Amino acid sequence: MRFLGNIEAKTDAKGRAFLPAVFRKQLQAGGEERLVMRKDVFQPCLVLYPEGVWNEQMDLMRSRLNRWNKQQQQVFRQFVSDVELLVLDGNGRFLIPKRYQRMAEIDQDIKFVGMGDTIEIWSNKKSEEMQMKPEDFEAALEQLMGDDEG
């Protein structure tokens with residue numbers, strides 16, 4: 001499953017949004033019916049994980065953490081407990097609960113951003129802040145991916 005691109009959308013008065021059709025088709029092609037929503041750890045956005053991807057992330061995290069280490073157990077608990085399980089209705093809509101809207105500063109105008117195996121939901125205002133300046137992006141990409149050996 002590869003979610004790519006960004007799509008502007010709106011929520012209705014109840015906080016419901018339509019998952020863009022291109023992303024719904026990817027979910028269906030991957031045999032996924034449910035999504036897991038959580039606030040991003042680093043950014044003011046929400047992340048939608050197809051349930052299979054979420055389960056892989058939980059398994060990976062659990063394998064790296066010691067159940068008998070208090071701090072590691074707290075990190076795991078916080079990561080996996082503050083989630084919402086979503087099922088799209090017949091029209092491809094889902095509800096963004098009020099507390100998640102507040103966490104991500106989402107009002108009516110939103111942007112879906114495909115991030116490979118997950119989908120981010122941004123407030124339109126905040127999505128502009130997430131972008132690096134072109135010259136900073138170029139320098140970072142060169143540093144990360146450039147050939148050091150010339």
# chains A, B, ... in the order shown; residues from 1 in each chain; ligands from 1

$ residues_around --residues "Val75 of chain A" --least-positions-apart "4" --cutoff "12 Å" --atoms "only C-alpha atoms" --output "PDB file with N, CA and C atoms, in the first residue's frame"
ATOM      1  N   VAL A  41       3.198  11.950  16.821  1.00  0.00           N
ATOM      2  CA  VAL A  41       4.080  12.148  17.974  1.00  0.00           C
ATOM      3  C   VAL A  41       4.827  13.477  17.870  1.00  0.00           C
ATOM      4  N   MET A  58       2.804  -1.735  16.178  1.00  0.00           N
ATOM      5  CA  MET A  58       2.708  -2.169  17.575  1.00  0.00           C
ATOM      6  C   MET A  58       3.645  -3.332  17.851  1.00  0.00           C
ATOM      7  N   MET A  61       7.235  -2.008  17.933  1.00  0.00           N
ATOM      8  CA  MET A  61       7.490  -1.259  19.166  1.00  0.00           C
ATOM      9  C   MET A  61       7.604  -2.214  20.360  1.00  0.00           C
ATOM     10  N   ARG A  62       6.687  -3.158  20.440  1.00  0.00           N
ATOM     11  CA  ARG A  62       6.709  -4.115  21.559  1.00  0.00           C
ATOM     12  C   ARG A  62       8.018  -4.899  21.561  1.00  0.00           C
ATOM     13  N   ARG A  64      10.887  -3.921  20.680  1.00  0.00           N
ATOM     14  CA  ARG A  64      12.017  -3.071  21.074  1.00  0.00           C
ATOM     15  C   ARG A  64      11.943  -2.609  22.523  1.00  0.00           C
ATOM     16  N   LEU A  65      10.795  -2.825  23.161  1.00  0.00           N
ATOM     17  CA  LEU A  65      10.611  -2.330  24.523  1.00  0.00           C
ATOM     18  C   LEU A  65      10.544  -3.478  25.523  1.00  0.00           C
ATOM     19  N   ASN A  66      11.033  -3.211  26.708  1.00  0.00           N
ATOM     20  CA  ASN A  66      11.057  -4.189  27.789  1.00  0.00           C
ATOM     21  C   ASN A  66       9.811  -3.995  28.659  1.00  0.00           C
ATOM     22  N   ARG A  67       8.991  -5.019  28.774  1.00  0.00           N
ATOM     23  CA  ARG A  67       7.783  -4.947  29.607  1.00  0.00           C
ATOM     24  C   ARG A  67       8.106  -4.673  31.073  1.00  0.00           C
ATOM     25  N   ASN A  69      10.454  -2.636  32.173  1.00  0.00           N
ATOM     26  CA  ASN A  69      11.041  -1.316  32.352  1.00  0.00           C
ATOM     27  C   ASN A  69       9.878  -0.327  32.438  1.00  0.00           C
ATOM     28  N   LYS A  70       9.773   0.351  33.588  1.00  0.00           N
ATOM     29  CA  LYS A  70       8.616   1.220  33.842  1.00  0.00           C
ATOM     30  C   LYS A  70       8.440   2.290  32.766  1.00  0.00           C
ATOM     31  N   GLN A  71       9.516   2.986  32.413  1.00  0.00           N
ATOM     32  CA  GLN A  71       9.399   4.055  31.423  1.00  0.00           C
ATOM     33  C   GLN A  71       9.004   3.503  30.050  1.00  0.00           C
ATOM     34  N   PHE A  79       1.454   5.329  23.642  1.00  0.00           N
ATOM     35  CA  PHE A  79       1.383   5.246  22.181  1.00  0.00           C
ATOM     36  C   PHE A  79       0.159   4.469  21.721  1.00  0.00           C
ATOM     37  N   VAL A  80      -0.130   3.339  22.353  1.00  0.00           N
ATOM     38  CA  VAL A  80      -1.202   2.476  21.860  1.00  0.00           C
ATOM     39  C   VAL A  80      -2.576   2.783  22.459  1.00  0.00           C
ATOM     40  N   SER A  81      -2.625   3.513  23.558  1.00  0.00           N
ATOM     41  CA  SER A  81      -3.927   3.721  24.189  1.00  0.00           C
ATOM     42  C   SER A  81      -4.672   4.939  23.663  1.00  0.00           C
ATOM     43  N   ASP A  82      -3.963   5.920  23.164  1.00  0.00           N
ATOM     44  CA  ASP A  82      -4.629   7.143  22.722  1.00  0.00           C
ATOM     45  C   ASP A  82      -4.926   7.081  21.230  1.00  0.00           C
TER      46      ASP A  82
END

$ select_by_dssp --residues "chain A" --states "strand (DSSP E or B)" --output "VMD selection string"
chain A and resid 3 6 to 10 16 to 18 34 to 39 46 to 50 84 to 87 93 to 95 109 to 114 116 119 to 123

$ residues_around --residues "Met1 of chain A" --least-positions-apart "4" --cutoff "9 Å" --atoms "only C-alpha atoms" --output "list in words"
Gln26, Leu27, Ala29, Gly30, Gly116, Asp117 and Thr118 of chain A

$ residues_around --residues "Leu4 of chain A" --least-positions-apart "4" --cutoff "8 Å" --atoms "only C-alpha atoms" --output "tab-separated table (two decimals) with all heavy atoms, in the first residue's frame"
chain	number	residue	atom	x	y	z
A	113	VAL	N	-2.55	14.00	3.48
A	113	VAL	CA	-1.21	13.86	2.90
A	113	VAL	C	-0.82	12.38	2.94
A	113	VAL	O	-0.74	11.78	4.02
A	113	VAL	CB	-0.17	14.71	3.67
A	113	VAL	CG1	1.22	14.52	3.07
A	113	VAL	CG2	-0.57	16.19	3.68
A	114	GLY	N	-0.58	11.80	1.77
A	114	GLY	CA	-0.15	10.42	1.69
A	114	GLY	C	1.31	10.32	2.09
A	114	GLY	O	2.15	11.04	1.58
A	115	MET	N	1.58	9.42	3.04
A	115	MET	CA	2.94	9.26	3.58
A	115	MET	C	3.43	7.83	3.39
A	115	MET	O	4.06	7.25	4.28
A	115	MET	CB	2.94	9.63	5.06
A	115	MET	CG	2.70	11.11	5.34
A	115	MET	SD	4.06	12.13	4.81
A	115	MET	CE	5.31	11.67	6.01
A	116	GLY	N	3.13	7.25	2.25
A	116	GLY	CA	3.55	5.87	2.00
A	116	GLY	C	2.56	4.90	2.59
A	116	GLY	O	1.52	4.63	2.00

$ residues_around --residues "segment 83-97 of chain A" --least-positions-apart "6" --cutoff "7 Å" --atoms "only C-alpha atoms" --output "list in words"
Gly15, Arg16, Ala17, Phe18, Leu19, Glu33, Arg34, Leu35, Val36, Met37 and Arg38 of chain A

$ write_last_selection --atoms "N, CA, C and O atoms" --output "mmCIF file, in the first residue's frame"
data_model
loop_
_atom_site.group_PDB
_atom_site.id
_atom_site.type_symbol
_atom_site.label_atom_id
_atom_site.label_comp_id
_atom_site.auth_asym_id
_atom_site.auth_seq_id
_atom_site.Cartn_x
_atom_site.Cartn_y
_atom_site.Cartn_z
ATOM 1 N N GLY A 15 -17.894 17.112 12.121
ATOM 2 C CA GLY A 15 -16.505 16.670 12.132
ATOM 3 C C GLY A 15 -16.254 15.452 11.264
ATOM 4 O O GLY A 15 -15.215 14.808 11.378
ATOM 5 N N ARG A 16 -17.195 15.155 10.361
ATOM 6 C CA ARG A 16 -17.000 14.026 9.460
ATOM 7 C C ARG A 16 -16.260 14.487 8.211
ATOM 8 O O ARG A 16 -16.444 15.610 7.748
ATOM 9 N N ALA A 17 -15.445 13.579 7.671
ATOM 10 C CA ALA A 17 -14.710 13.865 6.444
ATOM 11 C C ALA A 17 -14.801 12.656 5.529
ATOM 12 O O ALA A 17 -14.938 11.520 5.991
ATOM 13 N N PHE A 18 -14.735 12.913 4.229
ATOM 14 C CA PHE A 18 -14.664 11.834 3.244
ATOM 15 C C PHE A 18 -13.204 11.487 3.049
ATOM 16 O O PHE A 18 -12.381 12.364 2.763
ATOM 17 N N LEU A 19 -12.853 10.217 3.207
ATOM 18 C CA LEU A 19 -11.508 9.785 2.856
ATOM 19 C C LEU A 19 -11.421 9.869 1.337
ATOM 20 O O LEU A 19 -12.290 9.337 0.636
ATOM 21 N N GLU A 33 -10.094 -2.772 5.907
ATOM 22 C CA GLU A 33 -11.418 -2.199 6.129
ATOM 23 C C GLU A 33 -11.422 -1.158 7.233
ATOM 24 O O GLU A 33 -12.296 -0.304 7.275
ATOM 25 N N ARG A 34 -10.454 -1.259 8.145
ATOM 26 C CA ARG A 34 -10.453 -0.352 9.297
ATOM 27 C C ARG A 34 -9.156 0.443 9.343
ATOM 28 O O ARG A 34 -8.116 0.007 8.851
ATOM 29 N N LEU A 35 -9.277 1.610 9.968
ATOM 30 C CA LEU A 35 -8.142 2.505 10.154
ATOM 31 C C LEU A 35 -7.970 2.787 11.634
ATOM 32 O O LEU A 35 -8.939 2.765 12.391
ATOM 33 N N VAL A 36 -6.754 3.082 12.027
ATOM 34 C CA VAL A 36 -6.464 3.506 13.389
ATOM 35 C C VAL A 36 -5.969 4.944 13.309
ATOM 36 O O VAL A 36 -5.067 5.248 12.527
ATOM 37 N N MET A 37 -6.597 5.824 14.107
ATOM 38 C CA MET A 37 -6.221 7.235 14.121
ATOM 39 C C MET A 37 -5.529 7.566 15.431
ATOM 40 O O MET A 37 -5.963 7.143 16.498
ATOM 41 N N ARG A 38 -4.436 8.329 15.311
ATOM 42 C CA ARG A 38 -3.787 8.870 16.512
ATOM 43 C C ARG A 38 -3.145 10.190 16.135
ATOM 44 O O ARG A 38 -2.858 10.436 14.974
#

$ atom_distance --atom1 "atom CA of Gln74 of chain A" --atom2 "atom CA of Glu120 of chain A"
24.7 Å

$ atom_distance --atom1 "atom CA of Ile106 of chain A" --atom2 "atom CA of Met130 of chain A"
14.3 Å

$ closest_residue --among "A:Ser63, A:Asn124, A:Gln73, A:Asn6" --to "Asp107 of chain A" --atoms "only C-alpha atoms"
A:Asn124

$ select_by_dssp --residues "segment 62-150 of chain A" --states "alpha helix (DSSP H)" --output "JSON, numbers by chain"
{"A": [62, 63, 64, 70, 71, 72, 73, 74, 75, 76, 77, 78, 79, 80, 81, 98, 99, 100, 101, 102, 103, 124, 125, 126, 127, 128, 129, 130, 134, 135, 136, 137, 138, 139, 140, 141, 142, 143, 144, 145]}

$ write_last_selection --atoms "N, CA, C and O atoms" --output "short mmCIF file (atom, residue, chain, number, x, y, z; two decimals), in the first residue's frame"
data_model
loop_
_atom_site.label_atom_id
_atom_site.label_comp_id
_atom_site.auth_asym_id
_atom_site.auth_seq_id
_atom_site.Cartn_x
_atom_site.Cartn_y
_atom_site.Cartn_z
N ARG A 62 6.69 -3.16 20.44
CA ARG A 62 6.71 -4.11 21.56
C ARG A 62 8.02 -4.90 21.56
O ARG A 62 8.61 -5.15 22.60
N SER A 63 8.52 -5.26 20.38
CA SER A 63 9.75 -6.05 20.30
C SER A 63 10.98 -5.25 20.75
O SER A 63 11.97 -5.83 21.16
N ARG A 64 10.89 -3.92 20.68
CA ARG A 64 12.02 -3.07 21.07
C ARG A 64 11.94 -2.61 22.52
O ARG A 64 12.90 -2.03 23.03
N LYS A 70 9.77 0.35 33.59
CA LYS A 70 8.62 1.22 33.84
C LYS A 70 8.44 2.29 32.77
O LYS A 70 7.34 2.49 32.25
N GLN A 71 9.52 2.99 32.41
CA GLN A 71 9.40 4.05 31.42
C GLN A 71 9.00 3.50 30.05
O GLN A 71 8.15 4.07 29.37
N GLN A 72 9.62 2.40 29.66
CA GLN A 72 9.29 1.82 28.36
C GLN A 72 7.84 1.35 28.32
O GLN A 72 7.16 1.49 27.30
N GLN A 73 7.36 0.82 29.42
CA GLN A 73 5.96 0.39 29.48
C GLN A 73 5.03 1.59 29.38
O GLN A 73 3.98 1.53 28.74
N GLN A 74 5.41 2.68 30.01
CA GLN A 74 4.60 3.90 29.93
C GLN A 74 4.57 4.46 28.50
O GLN A 74 3.52 4.90 28.02
N VAL A 75 5.72 4.43 27.82
CA VAL A 75 5.77 4.89 26.44
C VAL A 75 4.86 4.03 25.57
O VAL A 75 4.06 4.56 24.78
N PHE A 76 4.94 2.73 25.72
CA PHE A 76 4.09 1.83 24.93
C PHE A 76 2.62 2.10 25.22
O PHE A 76 1.81 2.23 24.31
N ARG A 77 2.29 2.20 26.50
CA ARG A 77 0.90 2.44 26.90
C ARG A 77 0.36 3.72 26.28
O ARG A 77 -0.73 3.75 25.73
N GLN A 78 1.15 4.79 26.36
CA GLN A 78 0.69 6.07 25.83
C GLN A 78 0.53 6.01 24.31
O GLN A 78 -0.43 6.54 23.75
N PHE A 79 1.45 5.33 23.64
CA PHE A 79 1.38 5.25 22.18
C PHE A 79 0.16 4.47 21.72
O PHE A 79 -0.53 4.88 20.80
N VAL A 80 -0.13 3.34 22.35
CA VAL A 80 -1.20 2.48 21.86
C VAL A 80 -2.58 2.78 22.46
O VAL A 80 -3.59 2.37 21.90
N SER A 81 -2.63 3.51 23.56
CA SER A 81 -3.93 3.72 24.19
C SER A 81 -4.67 4.94 23.66
O SER A 81 -5.90 4.98 23.71
N LYS A 98 -13.94 15.29 18.40
CA LYS A 98 -13.62 16.67 18.81
C LYS A 98 -12.24 16.78 19.45
O LYS A 98 -11.49 17.71 19.18
N ARG A 99 -11.87 15.81 20.31
CA ARG A 99 -10.58 15.93 20.99
C ARG A 99 -9.43 15.86 19.99
O ARG A 99 -8.41 16.53 20.15
N TYR A 100 -9.59 15.07 18.93
CA TYR A 100 -8.56 15.01 17.89
C TYR A 100 -8.54 16.29 17.07
O TYR A 100 -7.47 16.75 16.67
N GLN A 101 -9.71 16.85 16.84
CA GLN A 101 -9.76 18.13 16.12
C GLN A 101 -8.99 19.20 16.91
O GLN A 101 -8.24 19.97 16.32
N ARG A 102 -9.17 19.19 18.22
CA ARG A 102 -8.45 20.16 19.06
C ARG A 102 -6.94 19.90 19.04
O ARG A 102 -6.14 20.82 18.91
N MET A 103 -6.55 18.63 19.18
CA MET A 103 -5.12 18.28 19.22
C MET A 103 -4.40 18.74 17.96
O MET A 103 -3.24 19.17 18.02
N ASN A 124 -5.52 22.92 7.21
CA ASN A 124 -4.94 23.60 6.05
C ASN A 124 -3.90 24.64 6.48
O ASN A 124 -2.85 24.76 5.87
N LYS A 125 -4.20 25.37 7.55
CA LYS A 125 -3.26 26.39 8.03
C LYS A 125 -1.94 25.76 8.46
O LYS A 125 -0.87 26.24 8.12
N LYS A 126 -2.02 24.67 9.22
CA LYS A 126 -0.82 24.01 9.73
C LYS A 126 -0.05 23.31 8.62
O LYS A 126 1.17 23.17 8.71
N SER A 127 -0.74 22.87 7.58
CA SER A 127 -0.05 22.13 6.51
C SER A 127 0.95 23.03 5.80
O SER A 127 1.98 22.56 5.31
N GLU A 128 0.67 24.33 5.74
CA GLU A 128 1.61 25.26 5.11
C GLU A 128 2.89 25.36 5.94
O GLU A 128 3.98 25.52 5.40
N GLU A 129 2.76 25.26 7.27
CA GLU A 129 3.91 25.35 8.16
C GLU A 129 4.79 24.11 8.10
O GLU A 129 5.96 24.16 8.46
N MET A 130 4.24 22.97 7.65
CA MET A 130 5.01 21.73 7.64
C MET A 130 6.05 21.71 6.53
O MET A 130 7.01 20.95 6.59
N PRO A 134 12.27 25.58 -0.10
CA PRO A 134 12.88 24.76 -1.16
C PRO A 134 14.39 24.57 -0.98
O PRO A 134 14.90 23.46 -1.15
N GLU A 135 15.10 25.62 -0.61
CA GLU A 135 16.56 25.49 -0.46
C GLU A 135 16.92 24.62 0.74
O GLU A 135 17.91 23.87 0.71
N ASP A 136 16.11 24.67 1.83
CA ASP A 136 16.36 23.81 2.99
C ASP A 136 16.07 22.35 2.65
O ASP A 136 16.79 21.44 3.06
N PHE A 137 14.98 22.13 1.89
CA PHE A 137 14.64 20.78 1.45
C PHE A 137 15.74 20.20 0.58
O PHE A 137 16.18 19.07 0.76
N GLU A 138 16.22 21.01 -0.37
CA GLU A 138 17.29 20.57 -1.26
C GLU A 138 18.53 20.17 -0.47
O GLU A 138 19.12 19.12 -0.71
N ALA A 139 18.93 21.01 0.48
CA ALA A 139 20.14 20.74 1.27
C ALA A 139 19.96 19.49 2.13
O ALA A 139 20.87 18.66 2.23
N ALA A 140 18.79 19.34 2.76
CA ALA A 140 18.53 18.17 3.61
C ALA A 140 18.53 16.89 2.78
O ALA A 140 19.10 15.88 3.19
N LEU A 141 17.88 16.94 1.61
CA LEU A 141 17.81 15.77 0.76
C LEU A 141 19.21 15.38 0.25
O LEU A 141 19.56 14.20 0.24
N GLU A 142 20.00 16.38 -0.10
CA GLU A 142 21.35 16.10 -0.55
C GLU A 142 22.18 15.47 0.57
O GLU A 142 22.92 14.51 0.36
N GLN A 143 22.01 16.00 1.78
CA GLN A 143 22.75 15.45 2.93
C GLN A 143 22.33 14.01 3.21
O GLN A 143 23.16 13.15 3.48
N LEU A 144 21.03 13.76 3.17
CA LEU A 144 20.53 12.42 3.48
C LEU A 144 20.81 11.40 2.39
O LEU A 144 21.12 10.24 2.67
N MET A 145 20.67 11.81 1.13
CA MET A 145 20.70 10.85 0.03
C MET A 145 21.92 10.98 -0.89
O MET A 145 22.15 10.12 -1.71
#

$ closest_residue --among "A:Val47, A:Gly52, A:Ile119, A:Trp68" --to "Ala104 of chain A" --atoms "only C-alpha atoms"
A:Val47

$ decode --residues "segment 114-126 of chain A" --atoms "all heavy atoms" --output "PDB file, in the first residue's frame"
ATOM      1  N   GLY A 114      -0.584  11.805   1.768  1.00  0.00           N
ATOM      2  CA  GLY A 114      -0.149  10.421   1.688  1.00  0.00           C
ATOM      3  C   GLY A 114       1.308  10.315   2.092  1.00  0.00           C
ATOM      4  O   GLY A 114       2.155  11.041   1.576  1.00  0.00           O
ATOM      5  N   MET A 115       1.580   9.420   3.038  1.00  0.00           N
ATOM      6  CA  MET A 115       2.936   9.261   3.581  1.00  0.00           C
ATOM      7  C   MET A 115       3.434   7.825   3.391  1.00  0.00           C
ATOM      8  O   MET A 115       4.061   7.255   4.280  1.00  0.00           O
ATOM      9  CB  MET A 115       2.943   9.634   5.064  1.00  0.00           C
ATOM     10  CG  MET A 115       2.701  11.108   5.339  1.00  0.00           C
ATOM     11  SD  MET A 115       4.059  12.132   4.811  1.00  0.00           S
ATOM     12  CE  MET A 115       5.314  11.672   6.009  1.00  0.00           C
ATOM     13  N   GLY A 116       3.128   7.251   2.254  1.00  0.00           N
ATOM     14  CA  GLY A 116       3.553   5.870   2.004  1.00  0.00           C
ATOM     15  C   GLY A 116       2.558   4.897   2.591  1.00  0.00           C
ATOM     16  O   GLY A 116       1.522   4.628   2.000  1.00  0.00           O
ATOM     17  N   ASP A 117       2.836   4.393   3.805  1.00  0.00           N
ATOM     18  CA  ASP A 117       1.934   3.406   4.397  1.00  0.00           C
ATOM     19  C   ASP A 117       0.931   4.017   5.377  1.00  0.00           C
ATOM     20  O   ASP A 117       0.133   3.301   5.974  1.00  0.00           O
ATOM     21  CB  ASP A 117       2.713   2.268   5.070  1.00  0.00           C
ATOM     22  CG  ASP A 117       3.613   2.734   6.197  1.00  0.00           C
ATOM     23  OD1 ASP A 117       3.752   3.952   6.423  1.00  0.00           O
ATOM     24  OD2 ASP A 117       4.192   1.865   6.865  1.00  0.00           O
ATOM     25  N   THR A 118       0.963   5.341   5.547  1.00  0.00           N
ATOM     26  CA  THR A 118      -0.014   6.030   6.398  1.00  0.00           C
ATOM     27  C   THR A 118      -0.536   7.270   5.673  1.00  0.00           C
ATOM     28  O   THR A 118       0.000   7.669   4.636  1.00  0.00           O
ATOM     29  CB  THR A 118       0.611   6.472   7.743  1.00  0.00           C
ATOM     30  OG1 THR A 118       1.677   7.388   7.486  1.00  0.00           O
ATOM     31  CG2 THR A 118       1.105   5.278   8.543  1.00  0.00           C
ATOM     32  N   ILE A 119      -1.572   7.865   6.266  1.00  0.00           N
ATOM     33  CA  ILE A 119      -2.166   9.101   5.733  1.00  0.00           C
ATOM     34  C   ILE A 119      -2.199  10.108   6.873  1.00  0.00           C
ATOM     35  O   ILE A 119      -2.677   9.791   7.965  1.00  0.00           O
ATOM     36  CB  ILE A 119      -3.604   8.860   5.234  1.00  0.00           C
ATOM     37  CG1 ILE A 119      -3.643   7.763   4.165  1.00  0.00           C
ATOM     38  CG2 ILE A 119      -4.216  10.168   4.735  1.00  0.00           C
ATOM     39  CD1 ILE A 119      -5.030   7.212   3.905  1.00  0.00           C
ATOM     40  N   GLU A 120      -1.698  11.304   6.623  1.00  0.00           N
ATOM     41  CA  GLU A 120      -1.782  12.362   7.623  1.00  0.00           C
ATOM     42  C   GLU A 120      -2.968  13.255   7.303  1.00  0.00           C
ATOM     43  O   GLU A 120      -3.305  13.456   6.138  1.00  0.00           O
ATOM     44  CB  GLU A 120      -0.503  13.198   7.639  1.00  0.00           C
ATOM     45  CG  GLU A 120       0.700  12.439   8.125  1.00  0.00           C
ATOM     46  CD  GLU A 120       1.978  13.251   8.122  1.00  0.00           C
ATOM     47  OE1 GLU A 120       2.028  14.338   7.493  1.00  0.00           O
ATOM     48  OE2 GLU A 120       2.949  12.798   8.756  1.00  0.00           O
ATOM     49  N   ILE A 121      -3.570  13.807   8.364  1.00  0.00           N
ATOM     50  CA  ILE A 121      -4.633  14.799   8.210  1.00  0.00           C
ATOM     51  C   ILE A 121      -4.148  16.071   8.900  1.00  0.00           C
ATOM     52  O   ILE A 121      -3.850  16.060  10.097  1.00  0.00           O
ATOM     53  CB  ILE A 121      -5.955  14.349   8.862  1.00  0.00           C
ATOM     54  CG1 ILE A 121      -6.401  13.003   8.294  1.00  0.00           C
ATOM     55  CG2 ILE A 121      -7.032  15.421   8.654  1.00  0.00           C
ATOM     56  CD1 ILE A 121      -7.598  12.407   9.016  1.00  0.00           C
ATOM     57  N   TRP A 122      -4.064  17.127   8.136  1.00  0.00           N
ATOM     58  CA  TRP A 122      -3.573  18.413   8.626  1.00  0.00           C
ATOM     59  C   TRP A 122      -4.666  19.463   8.543  1.00  0.00           C
ATOM     60  O   TRP A 122      -5.491  19.435   7.629  1.00  0.00           O
ATOM     61  CB  TRP A 122      -2.416  18.901   7.758  1.00  0.00           C
ATOM     62  CG  TRP A 122      -1.147  18.158   7.935  1.00  0.00           C
ATOM     63  CD1 TRP A 122      -0.804  16.961   7.374  1.00  0.00           C
ATOM     64  CD2 TRP A 122      -0.039  18.556   8.728  1.00  0.00           C
ATOM     65  NE1 TRP A 122       0.446  16.602   7.767  1.00  0.00           N
ATOM     66  CE2 TRP A 122       0.944  17.561   8.591  1.00  0.00           C
ATOM     67  CE3 TRP A 122       0.224  19.672   9.527  1.00  0.00           C
ATOM     68  CZ2 TRP A 122       2.178  17.641   9.242  1.00  0.00           C
ATOM     69  CZ3 TRP A 122       1.443  19.755  10.166  1.00  0.00           C
ATOM     70  CH2 TRP A 122       2.404  18.743  10.022  1.00  0.00           C
ATOM     71  N   SER A 123      -4.630  20.403   9.462  1.00  0.00           N
ATOM     72  CA  SER A 123      -5.373  21.639   9.291  1.00  0.00           C
ATOM     73  C   SER A 123      -4.731  22.324   8.086  1.00  0.00           C
ATOM     74  O   SER A 123      -3.504  22.308   7.948  1.00  0.00           O
ATOM     75  CB  SER A 123      -5.218  22.499  10.546  1.00  0.00           C
ATOM     76  OG  SER A 123      -5.315  23.859  10.237  1.00  0.00           O
ATOM     77  N   ASN A 124      -5.524  22.916   7.208  1.00  0.00           N
ATOM     78  CA  ASN A 124      -4.940  23.599   6.050  1.00  0.00           C
ATOM     79  C   ASN A 124      -3.903  24.637   6.478  1.00  0.00           C
ATOM     80  O   ASN A 124      -2.852  24.758   5.867  1.00  0.00           O
ATOM     81  CB  ASN A 124      -6.026  24.274   5.220  1.00  0.00           C
ATOM     82  CG  ASN A 124      -6.276  23.529   3.928  1.00  0.00           C
ATOM     83  OD1 ASN A 124      -5.704  22.483   3.674  1.00  0.00           O
ATOM     84  ND2 ASN A 124      -7.147  24.077   3.110  1.00  0.00           N
ATOM     85  N   LYS A 125      -4.196  25.368   7.548  1.00  0.00           N
ATOM     86  CA  LYS A 125      -3.259  26.390   8.027  1.00  0.00           C
ATOM     87  C   LYS A 125      -1.942  25.763   8.456  1.00  0.00           C
ATOM     88  O   LYS A 125      -0.871  26.240   8.124  1.00  0.00           O
ATOM     89  CB  LYS A 125      -3.857  27.168   9.203  1.00  0.00           C
ATOM     90  CG  LYS A 125      -5.057  28.002   8.857  1.00  0.00           C
ATOM     91  CD  LYS A 125      -5.642  28.629  10.099  1.00  0.00           C
ATOM     92  CE  LYS A 125      -7.138  28.777   9.918  1.00  0.00           C
ATOM     93  NZ  LYS A 125      -7.865  28.832  11.155  1.00  0.00           N
ATOM     94  N   LYS A 126      -2.023  24.675   9.221  1.00  0.00           N
ATOM     95  CA  LYS A 126      -0.820  24.015   9.734  1.00  0.00           C
ATOM     96  C   LYS A 126      -0.052  23.312   8.624  1.00  0.00           C
ATOM     97  O   LYS A 126       1.170  23.171   8.708  1.00  0.00           O
ATOM     98  CB  LYS A 126      -1.177  23.009  10.826  1.00  0.00           C
ATOM     99  CG  LYS A 126      -1.630  23.646  12.116  1.00  0.00           C
ATOM    100  CD  LYS A 126      -0.447  24.261  12.803  1.00  0.00           C
ATOM    101  CE  LYS A 126      -0.856  24.925  14.095  1.00  0.00           C
ATOM    102  NZ  LYS A 126       0.245  25.670  14.693  1.00  0.00           N
TER     103      LYS A 126
END
